[in-house]
Amino acid sequence: MASLGNIPQNEKSKSFDIVETYNRLLHEDPEITMPVAAIEALIELLVQSSADTVYEFLDLVKTQSDYLKSRIPNSISLSAGTDLFQRYMISSMKPTSTGDFETVRQHLLSNGRLFVSRAKAARERIAAYGRHFVRDGSVVLTHGGSRVVGTLLGKAAEASKTGGNVRFKVIYVMNEARSAESKAVVSLLRTKGVPVATISEGAVGYAMGKVNLVIVGAEGVVENGGIISRLGTYQIALLAKAAGKPFYVAAESHKFVRLYPLGQYDLGIDQQVIEFETEDKKELTDDERKFADRTPTEEYFGSVDLPKPNAAVDAVDFTPPALVSALITETGVLTPSAVSEELISMWY
């Protein structure tokens with residue numbers, strides 16, 4: 001069995017870098033999700049592979065999947081996709097298959113491409129189910145730049161039955177660390193005629209009184225029906241629960257992951273969100289420099305520069321199932337308690 005430190009290579013694939021391929025696919029297609037990009041990278045590897053047996057073929061998929069996950073800081077959604085893809089590849093093998101290995105190889109590649117096409121089509125199917133949750137006159141709160149949520153809201157706008165007049169509004173929670181992504185989602189909705197208000201993360205509680213429902217995406221849906229999503233999702237869910245507003249999650253089934261976290265710090269990834277320091281950092285951002293220029297720092301604070309805030313750009317948090325009203329997937333609408341059964345049907 002190959003190890004992560006000794007990735008098997010052959011003459012045709014020795015120059016293949018799965019991490020580089022994965023990052024290239026994400027860069028080339030902004031609409032692609034992390035798990036689908038990982039699966040497409042694996043398929044590119046298999047096309048170049050000269051494995052001679054089914055065992056070598058499947059082992060190469062596992063070894064390279066593990067290698068890729070070890071090189072990505074937040075590999076939760078990526079793990080869900082690659083693990084499910086491996087299971088799909090094994091289940092697509094017919095116990096009575098006979099013939100030369102090349103025939104079997106082409107069969108596996110064909111099924112791999114079919115898996116990708118289905119995964120990509122999932123977003124549209126989720127939008128078809130989810131648009132019915134957005135009713136006339138409702139106000140939807142969302143955040144996180146989820147592509148599937150953007151598609152869902154776009155479908156809801158297009159499905160208006162009043163001659164194209166949009167009858168719902170969106171409150172979008174902006175993320176300063178990902179301002180470009182947030183602005184892109186807001187612009188897309190506005191081009192479809194959806195009135196969008198943007199608020200800061202600190203204004204969610206204030207805005208919740210005007211909200212009818214919350215819809216967010218997820219990077220992973222765990223076994224107990226909870227979700228792992230962008231940092232800030234958990235606090236939005238808490239506020240929605242306190243205000244009695246439904247909290248819906250739109251997520252593809254290839255993001256269902258065999259993970260059972262017990263809390264925020266049990267996700268299996270290293271996050272630098274809370275960092276205690278005894279010294280202020282000397283570097284200032286542009287905004288901090290402007291503030292320092294108009295603030296009597298020397299008089300009031302001595303010669304110490306203003307501290308630089310932590311920017312947890314890629315951080316995620318865990319929202320427990322008790323805060324989730326329903327999960328909108330390509331197979332239909334699920335309660336959080338149905339996720340474990342869905343995982344069993346997918347894996348066994």
# chains A, B, ... in the order shown; residues from 1 in each chain; ligands from 1
>>> residues_around(residues="segment 113-116 of chain A", least_positions_apart="3", cutoff="8 Å", atoms="only C-alpha atoms", output="number ranges by chain")
A: 36, 39-40, 43, 85, 88, 109-110, 119-120
>>> write_last_selection(atoms="N, CA, C and O atoms", output="mmCIF file, in the first residue's frame")
data_model
loop_
_atom_site.group_PDB
_atom_site.id
_atom_site.type_symbol
_atom_site.label_atom_id
_atom_site.label_comp_id
_atom_site.auth_asym_id
_atom_site.auth_seq_id
_atom_site.Cartn_x
_atom_site.Cartn_y
_atom_site.Cartn_z
ATOM 1 N N VAL A 36 -16.261 18.673 -6.279
ATOM 2 C CA VAL A 36 -16.320 18.349 -7.707
ATOM 3 C C VAL A 36 -14.971 18.609 -8.368
ATOM 4 O O VAL A 36 -14.523 17.831 -9.224
ATOM 5 N N ILE A 39 -12.771 15.677 -7.562
ATOM 6 C CA ILE A 39 -13.133 14.487 -8.336
ATOM 7 C C ILE A 39 -12.654 14.609 -9.781
ATOM 8 O O ILE A 39 -12.141 13.652 -10.362
ATOM 9 N N GLU A 40 -12.814 15.796 -10.369
ATOM 10 C CA GLU A 40 -12.339 15.991 -11.739
ATOM 11 C C GLU A 40 -10.816 15.866 -11.819
ATOM 12 O O GLU A 40 -10.277 15.360 -12.808
ATOM 13 N N ILE A 43 -10.066 12.216 -11.895
ATOM 14 C CA ILE A 43 -10.355 11.638 -13.206
ATOM 15 C C ILE A 43 -9.241 11.959 -14.195
ATOM 16 O O ILE A 43 -8.824 11.102 -14.983
ATOM 17 N N PHE A 85 -16.907 9.533 -3.971
ATOM 18 C CA PHE A 85 -16.490 9.147 -5.316
ATOM 19 C C PHE A 85 -15.810 7.776 -5.298
ATOM 20 O O PHE A 85 -16.054 6.934 -6.167
ATOM 21 N N TYR A 88 -18.423 5.219 -4.932
ATOM 22 C CA TYR A 88 -19.168 5.090 -6.188
ATOM 23 C C TYR A 88 -18.383 4.256 -7.198
ATOM 24 O O TYR A 88 -18.946 3.412 -7.906
ATOM 25 N N LEU A 109 -13.839 4.961 -15.730
ATOM 26 C CA LEU A 109 -13.727 6.363 -16.132
ATOM 27 C C LEU A 109 -15.074 6.922 -16.570
ATOM 28 O O LEU A 109 -15.435 8.059 -16.251
ATOM 29 N N SER A 110 -15.828 6.109 -17.306
ATOM 30 C CA SER A 110 -17.152 6.538 -17.758
ATOM 31 C C SER A 110 -18.074 6.806 -16.578
ATOM 32 O O SER A 110 -18.796 7.811 -16.547
ATOM 33 N N ALA A 119 -23.271 15.467 -10.117
ATOM 34 C CA ALA A 119 -22.936 16.393 -9.035
ATOM 35 C C ALA A 119 -23.139 17.840 -9.488
ATOM 36 O O ALA A 119 -23.649 18.677 -8.725
ATOM 37 N N LYS A 120 -22.768 18.139 -10.732
ATOM 38 C CA LYS A 120 -22.928 19.495 -11.239
ATOM 39 C C LYS A 120 -24.403 19.846 -11.445
ATOM 40 O O LYS A 120 -24.810 21.000 -11.278
#
>>> closest_atom_pairs(of="segment 166-261 of chain A", to="segment 129-149 of chain A", cutoff="8 Å", atoms="only C-alpha atoms", output="CSV")
residue,atom,partner,partner_atom,distance
A:Arg167,CA,A:Asp136,CA,5.0
A:Phe168,CA,A:Gly137,CA,4.9
A:Lys169,CA,A:Val139,CA,4.8
A:Val170,CA,A:Val140,CA,4.7
A:Ile171,CA,A:Leu141,CA,4.6
A:Tyr172,CA,A:Thr142,CA,5.3
A:Val173,CA,A:His143,CA,5.0
A:Met174,CA,A:His143,CA,6.8
A:Asn175,CA,A:Gly144,CA,7.5
A:Glu181,CA,A:Gly145,CA,6.2
A:Ser182,CA,A:Gly145,CA,5.8
A:Val185,CA,A:Gly145,CA,6.2
A:Lys210,CA,A:Val139,CA,7.0
A:Val211,CA,A:Val139,CA,5.1
A:Asn212,CA,A:Val139,CA,5.3
A:Leu213,CA,A:Val140,CA,5.3
A:Val214,CA,A:Leu141,CA,4.8
A:Ile215,CA,A:Thr142,CA,5.4
A:Val216,CA,A:Thr142,CA,5.5
A:Gly217,CA,A:Ser146,CA,5.2
A:Ala218,CA,A:Ser146,CA,7.6
A:Arg230,CA,A:Gly144,CA,6.0
A:Thr233,CA,A:His143,CA,7.8
A:Ala250,CA,A:Val149,CA,6.4
A:Ala251,CA,A:Val148,CA,7.2
>>> write_last_selection(atoms="C-alpha atoms", output="mmCIF file, in the first residue's frame")
data_model
loop_
_atom_site.group_PDB
_atom_site.id
_atom_site.type_symbol
_atom_site.label_atom_id
_atom_site.label_comp_id
_atom_site.auth_asym_id
_atom_site.auth_seq_id
_atom_site.Cartn_x
_atom_site.Cartn_y
_atom_site.Cartn_z
ATOM 1 C CA ARG A 167 -41.927 39.954 -4.956
ATOM 2 C CA PHE A 168 -39.245 39.099 -2.391
ATOM 3 C CA LYS A 169 -36.230 40.873 -0.929
ATOM 4 C CA VAL A 170 -32.843 39.723 0.304
ATOM 5 C CA ILE A 171 -30.734 40.876 3.234
ATOM 6 C CA TYR A 172 -27.143 39.866 2.559
ATOM 7 C CA VAL A 173 -24.635 39.702 5.410
ATOM 8 C CA MET A 174 -21.350 41.039 4.050
ATOM 9 C CA ASN A 175 -18.015 39.439 4.894
ATOM 10 C CA GLU A 181 -17.188 37.427 -3.348
ATOM 11 C CA SER A 182 -19.991 39.074 -1.369
ATOM 12 C CA VAL A 185 -23.420 37.601 -5.219
ATOM 13 C CA LYS A 210 -37.582 42.033 9.324
ATOM 14 C CA VAL A 211 -36.612 38.538 8.122
ATOM 15 C CA ASN A 212 -39.063 35.775 7.205
ATOM 16 C CA LEU A 213 -36.536 32.999 6.623
ATOM 17 C CA VAL A 214 -32.808 32.311 6.496
ATOM 18 C CA ILE A 215 -31.209 30.271 3.709
ATOM 19 C CA VAL A 216 -27.502 29.389 3.782
ATOM 20 C CA GLY A 217 -25.190 26.942 2.055
ATOM 21 C CA ALA A 218 -22.796 24.471 3.652
ATOM 22 C CA ARG A 230 -18.579 29.741 6.788
ATOM 23 C CA THR A 233 -23.304 30.788 10.237
ATOM 24 C CA ALA A 250 -29.196 24.243 0.719
ATOM 25 C CA ALA A 251 -26.517 21.613 0.098
#
>>> closest_residue(among="A:Leu231, A:Ile72, A:Ile236, A:Val222", to="Ala338 of chain A", atoms="only C-alpha atoms")
A:Val222
>>> closest_residue(among="A:Arg24, A:Arg178, A:Lys241, A:Arg258", to="Ile76 of chain A", atoms="only C-alpha atoms")
A:Arg258
>>> atom_distance(atom1="atom CA of Ala127 of chain A", atom2="atom CA of Leu153 of chain A")
7.5 Å
>>> closest_residue(among="A:Val104, A:Asn74, A:Val61, A:Leu323", to="Gln272 of chain A", atoms="only C-alpha atoms")
A:Asn74
>>> atom_distance(atom1="atom CA of Ala242 of chain A", atom2="atom CA of Pro195 of chain A")
25.8 Å
>>> atom_distance(atom1="atom CA of Glu252 of chain A", atom2="atom CA of Asp270 of chain A")
24.6 Å
>>> select_by_dssp(residues="segment 13-88 of chain A", states="helix (DSSP H, G or I)", output="NGL selection string")
:A and (18-28 or 34-48 or 54-71 or 76-88)
>>> residues_around(residues="Arg105 of chain A", least_positions_apart="3", cutoff="10 Å", atoms="only C-alpha atoms", output="list of chain:residue names")
A:Leu46, A:Val47, A:Ser50, A:Ala51, A:Asp52, A:Thr53, A:Val54, A:Phe57, A:Asp100, A:Phe101, A:Glu102, A:Leu108, A:Leu109, A:Ser110, A:Asn111
>>> closest_residue(among="A:Val194, A:Leu189, A:Ala38, A:Leu334", to="Ser253 of chain A", atoms="only C-alpha atoms")
A:Leu334
>>> closest_residue(among="A:Leu58, A:Leu188, A:Ala237, A:Ala177", to="Ser200 of chain A", atoms="only C-alpha atoms")
A:Ala177
>>> closest_residue(among="A:Asn224, A:Gln235, A:Thr151, A:Thr278", to="Pro336 of chain A", atoms="only C-alpha atoms")
A:Asn224
>>> select_by_dssp(residues="segment 40-260 of chain A", states="strand (DSSP E)", output="list in words")
Val139, Val140, Leu141, Thr142, His143, Lys169, Val170, Ile171, Tyr172, Val173, Val196, Ala197, Thr198, Ile199, Leu213, Val214, Ile215, Val216, Gly220, Val221, Ile227, Ile228, Ser229, Arg230, Phe247, Tyr248, Val249 and Ala250 of chain A
